[in-house]
Amino acid sequence: MSVEDVMTPLTMSAANGGVEEPSAYTSVERREAADIDAVGKYEPKLTENGIPADVLAKLLPGDDVIELEMPVVGSNLAYRFVKRAFDVVSCSCALVILAIPMGVIALKIKSESPGPVIFAQRRVGKGGRIFNVYKFRSMYIDAEARGARWAQGDDPRVTPFGKVMRKTRMDEIPQFWNVVKGDMSLIGPRPERPAFCVEFEKRIHGWHYRTMVTPGLSGLAQVAGGYDLLPKEKVVLDLEYIEHRSIAMDLKIILKTLGVVSTGEGAR
């Protein structure tokens with residue numbers, strides 16, 4: 001099954017899972033939700049401060065409650081072995097090849113602001129296990145004092161080089177180490193922050209099914225949408241990936257991810 005084949009259930013999902021068709025929301029609403037979602041992936045002290053009601057209203061528009069069916073995890077032992085071997089070998093090689101560029105990035109971060117080069121952020125992994133995902137720091141260490149929470153657009157809390165890293169996804173390079181460790185895979189549902197998982201589960205019953213497999217650096221939802229997807233639409237693609245994943249699909253998603261990142265849209 002191809003990436004294009006798996007995209008089709010999204011348009012039919014109103015009759016199978018309660019998700020509204022993509023046309024139900026305007027491009028402005030989608031872009032606004034995507035911007036908020038992108039900011040939320042970096043928002044400091046999210047656990048302590050929580051997610052504002054107006055933010056949730058944009059990420060979860062309407063008042064419908066979605067019931068998702070538990071997927072049957074696709075793949076066999078051979079696929080899982082090949083997938084893990086490819087993850088370890090490819091990401092280990094990437095860390096070696098990128099060692100010098102990573103050093104340059106670290107010096108650039110240090111030159112713009114004091115503080116650690118890499119920061120850890122809690123995410124929900126396979127089986128609901130919490131793990132730390134690693135990123136290059138793109139915010140000033142006194143981010144809370146530089147602007148209101150959930151700032152969008154020209155966020156004063158983000159360093160100049162941080163904006164470049166986010167747009168090109170360079171800030172996510174340290175996650176290759178997460179893959180080597182086994183916390184993540186190259187391809188799988190993107191790991192979410194615990195606070196978002198709690199809130200999404202209240203309106204999307206079965207959101208936690210995404211954690212039936214190892215989360216990934218990229219996934220079907222990140223490359224197959226063609227527009228800014230809402231959480232309740234992303235989860236449909238995530239579950240479709242879980243049911244139909246294969247070596248061929250993973251390779252296609254990797255190639256599409258490279259194309260998405262090259263356009264700068266990968267930061268979403």
# chains A, B, ... in the order shown; residues from 1 in each chain; ligands from 1

$ residues_around --residues "range 208-212 of chain A" --least-positions-apart "2" --cutoff "8 Å" --atoms "only C-alpha atoms" --output "list in words"
Met70, Pro71, Val73, Val124, Gly125, Lys126, Gly127, Gly128, Pro189, Cys197, Glu201, His205, Gly206, Thr214, Pro215, Val235, Asp238, Leu239 and Ile242 of chain A

$ write_last_selection --atoms "all heavy atoms" --output "tab-separated table (two decimals), in the first residue's frame"
chain	number	residue	atom	x	y	z
A	70	MET	N	-9.66	0.93	17.70
A	70	MET	CA	-8.30	0.48	17.95
A	70	MET	C	-7.74	-0.19	16.69
A	70	MET	O	-8.36	-1.10	16.14
A	70	MET	CB	-8.25	-0.52	19.11
A	70	MET	CG	-6.84	-1.01	19.42
A	70	MET	SD	-6.79	-2.29	20.72
A	70	MET	CE	-7.32	-1.31	22.14
A	71	PRO	N	-6.59	0.26	16.21
A	71	PRO	CA	-6.02	-0.33	15.00
A	71	PRO	C	-5.36	-1.67	15.29
A	71	PRO	O	-4.99	-1.97	16.43
A	71	PRO	CB	-4.97	0.71	14.58
A	71	PRO	CG	-4.51	1.29	15.88
A	71	PRO	CD	-5.76	1.37	16.73
A	73	VAL	N	-2.11	-3.54	14.72
A	73	VAL	CA	-0.74	-3.16	14.37
A	73	VAL	C	-0.23	-4.03	13.23
A	73	VAL	O	-0.18	-5.26	13.34
A	73	VAL	CB	0.20	-3.27	15.58
A	73	VAL	CG1	1.62	-2.89	15.18
A	73	VAL	CG2	-0.29	-2.38	16.71
A	124	VAL	N	5.54	11.65	25.06
A	124	VAL	CA	4.91	10.36	25.32
A	124	VAL	C	5.34	9.38	24.25
A	124	VAL	O	5.14	9.61	23.06
A	124	VAL	CB	3.38	10.48	25.34
A	124	VAL	CG1	2.75	9.10	25.63
A	124	VAL	CG2	2.94	11.48	26.39
A	125	GLY	N	5.96	8.28	24.67
A	125	GLY	CA	6.46	7.29	23.74
A	125	GLY	C	5.59	6.05	23.66
A	125	GLY	O	4.41	6.05	24.08
A	126	LYS	N	6.16	4.99	23.15
A	126	LYS	CA	5.43	3.74	22.97
A	126	LYS	C	4.89	3.24	24.30
A	126	LYS	O	5.59	3.23	25.31
A	126	LYS	CB	6.35	2.68	22.35
A	126	LYS	CG	5.65	1.36	22.04
A	126	LYS	CD	6.58	0.37	21.37
A	126	LYS	CE	5.87	-0.94	21.08
A	126	LYS	NZ	6.79	-1.94	20.43
A	127	GLY	N	3.62	2.84	24.28
A	127	GLY	CA	3.00	2.32	25.49
A	127	GLY	C	2.73	3.37	26.55
A	127	GLY	O	2.45	3.03	27.70
A	128	GLY	N	2.82	4.66	26.16
A	128	GLY	CA	2.57	5.72	27.12
A	128	GLY	C	3.77	6.07	27.98
A	128	GLY	O	3.65	6.89	28.89
A	189	PRO	N	4.31	7.82	14.27
A	189	PRO	CA	3.54	8.99	14.73
A	189	PRO	C	4.45	9.92	15.54
A	189	PRO	O	5.23	9.46	16.37
A	189	PRO	CB	2.46	8.37	15.62
A	189	PRO	CG	2.33	6.96	15.13
A	189	PRO	CD	3.71	6.55	14.75
A	197	CYS	N	-1.56	15.33	25.15
A	197	CYS	CA	-2.19	14.02	25.10
A	197	CYS	C	-3.39	13.94	26.03
A	197	CYS	O	-4.43	13.39	25.68
A	197	CYS	CB	-1.17	12.94	25.48
A	197	CYS	SG	0.09	12.66	24.21
A	201	GLU	N	-7.16	13.53	24.42
A	201	GLU	CA	-7.90	12.30	24.72
A	201	GLU	C	-9.32	12.61	25.20
A	201	GLU	O	-10.24	11.80	24.99
A	201	GLU	CB	-7.15	11.50	25.79
A	201	GLU	CG	-7.74	10.13	26.07
A	201	GLU	CD	-7.56	9.15	24.92
A	201	GLU	OE1	-6.51	9.19	24.23
A	201	GLU	OE2	-8.49	8.33	24.70
A	205	HIS	N	-11.35	10.22	21.68
A	205	HIS	CA	-11.23	8.97	22.42
A	205	HIS	C	-10.49	7.94	21.56
A	205	HIS	O	-10.99	7.51	20.53
A	205	HIS	CB	-12.61	8.45	22.81
A	205	HIS	CG	-13.35	9.35	23.74
A	205	HIS	ND1	-14.67	9.15	24.10
A	205	HIS	CD2	-12.95	10.48	24.42
A	205	HIS	CE1	-15.05	10.10	24.94
A	205	HIS	NE2	-14.03	10.92	25.15
A	206	GLY	N	-9.33	7.55	22.02
A	206	GLY	CA	-8.50	6.65	21.25
A	206	GLY	C	-7.23	7.33	20.75
A	206	GLY	O	-6.43	6.72	20.04
A	214	THR	N	6.35	2.66	18.21
A	214	THR	CA	7.38	3.64	18.55
A	214	THR	C	7.16	4.92	17.76
A	214	THR	O	6.94	4.88	16.55
A	214	THR	CB	8.78	3.07	18.22
A	214	THR	OG1	8.96	1.84	18.92
A	214	THR	CG2	9.87	4.05	18.64
A	215	PRO	N	7.20	6.07	18.41
A	215	PRO	CA	7.02	7.35	17.70
A	215	PRO	C	8.19	7.62	16.76
A	215	PRO	O	9.26	7.00	16.88
A	215	PRO	CB	6.96	8.38	18.83
A	215	PRO	CG	7.75	7.75	19.94
A	215	PRO	CD	7.44	6.28	19.85
A	235	VAL	N	-4.51	12.23	13.61
A	235	VAL	CA	-4.59	10.93	14.28
A	235	VAL	C	-5.14	9.87	13.34
A	235	VAL	O	-4.77	8.68	13.44
A	235	VAL	CB	-5.44	11.02	15.57
A	235	VAL	CG1	-6.90	11.26	15.26
A	235	VAL	CG2	-5.25	9.77	16.42
A	238	ASP	N	-2.22	8.76	11.40
A	238	ASP	CA	-1.33	8.01	12.28
A	238	ASP	C	-1.81	6.58	12.45
A	238	ASP	O	-1.02	5.62	12.40
A	238	ASP	CB	-1.24	8.69	13.65
A	238	ASP	CG	-0.40	9.96	13.62
A	238	ASP	OD1	0.48	10.09	12.75
A	238	ASP	OD2	-0.64	10.83	14.49
A	239	LEU	N	-3.10	6.40	12.66
A	239	LEU	CA	-3.65	5.06	12.86
A	239	LEU	C	-3.63	4.25	11.57
A	239	LEU	O	-3.43	3.03	11.59
A	239	LEU	CB	-5.08	5.14	13.42
A	239	LEU	CG	-5.23	5.83	14.78
A	239	LEU	CD1	-6.64	5.61	15.33
A	239	LEU	CD2	-4.20	5.35	15.79
A	242	ILE	N	-0.16	2.94	11.31
A	242	ILE	CA	0.05	1.83	12.24
A	242	ILE	C	-0.47	0.52	11.64
A	242	ILE	O	0.16	-0.54	11.77
A	242	ILE	CB	-0.62	2.12	13.59
A	242	ILE	CG1	0.14	3.23	14.32
A	242	ILE	CG2	-0.69	0.87	14.45
A	242	ILE	CD1	-0.53	3.71	15.60

$ closest_atom_pairs --of "range 170-237 of chain A" --to "range 36-50 of chain A" --cutoff "9 Å" --atoms "only C-alpha atoms" --output "CSV"
residue,atom,partner,partner_atom,distance
A:Glu192,CA,A:Lys41,CA,8.2
A:Arg193,CA,A:Lys41,CA,7.5
A:Pro194,CA,A:Thr47,CA,8.0
A:Ala195,CA,A:Thr47,CA,6.3
A:Phe196,CA,A:Gly40,CA,8.9

$ write_last_selection --atoms "N, CA, C and O atoms" --output "PDB file, in the first residue's frame"
ATOM      1  N   GLU A 192       3.972  13.255  21.170  1.00  0.00           N
ATOM      2  CA  GLU A 192       3.312  14.467  21.658  1.00  0.00           C
ATOM      3  C   GLU A 192       3.709  14.728  23.094  1.00  0.00           C
ATOM      4  O   GLU A 192       4.132  13.831  23.822  1.00  0.00           O
ATOM      5  N   ARG A 193       3.552  15.976  23.527  1.00  0.00           N
ATOM      6  CA  ARG A 193       3.823  16.326  24.917  1.00  0.00           C
ATOM      7  C   ARG A 193       2.673  15.828  25.792  1.00  0.00           C
ATOM      8  O   ARG A 193       1.507  15.817  25.360  1.00  0.00           O
ATOM      9  N   PRO A 194       2.986  15.390  27.015  1.00  0.00           N
ATOM     10  CA  PRO A 194       1.958  14.806  27.887  1.00  0.00           C
ATOM     11  C   PRO A 194       0.719  15.678  28.076  1.00  0.00           C
ATOM     12  O   PRO A 194      -0.406  15.168  28.061  1.00  0.00           O
ATOM     13  N   ALA A 195       0.904  16.986  28.242  1.00  0.00           N
ATOM     14  CA  ALA A 195      -0.241  17.870  28.466  1.00  0.00           C
ATOM     15  C   ALA A 195      -1.207  17.858  27.290  1.00  0.00           C
ATOM     16  O   ALA A 195      -2.431  17.893  27.472  1.00  0.00           O
ATOM     17  N   PHE A 196      -0.669  17.801  26.071  1.00  0.00           N
ATOM     18  CA  PHE A 196      -1.524  17.753  24.888  1.00  0.00           C
ATOM     19  C   PHE A 196      -2.256  16.420  24.821  1.00  0.00           C
ATOM     20  O   PHE A 196      -3.435  16.366  24.455  1.00  0.00           O
TER      21      PHE A 196
END

$ residues_around --residues "Leu98 in chain A" --least-positions-apart "4" --cutoff "12 Å" --atoms "only C-alpha atoms" --output "VMD selection string"
chain A and resid 90 to 94 102 to 106 170 173 to 174 176 to 177

$ residues_around --residues "Ile204 in chain A" --least-positions-apart "6" --cutoff "9 Å" --atoms "only C-alpha atoms" --output "list in words"
Asp64, Val65, Ile66, Glu67, Leu68, Pro231, Lys232 and Val235 of chain A

$ atom_distance --atom1 "CA of Ser27 in chain A" --atom2 "CA of Lys58 in chain A"
12.7 Å

$ select_by_dssp --residues "range 98-169 of chain A" --states "alpha helix (DSSP H)" --output "number ranges by chain"
A: 99-112, 143-146, 160-168

$ closest_residue --among "A:Arg166, A:Arg80, A:Lys234, A:Arg157" --to "Gln222 in chain A" --atoms "only C-alpha atoms"
A:Lys234
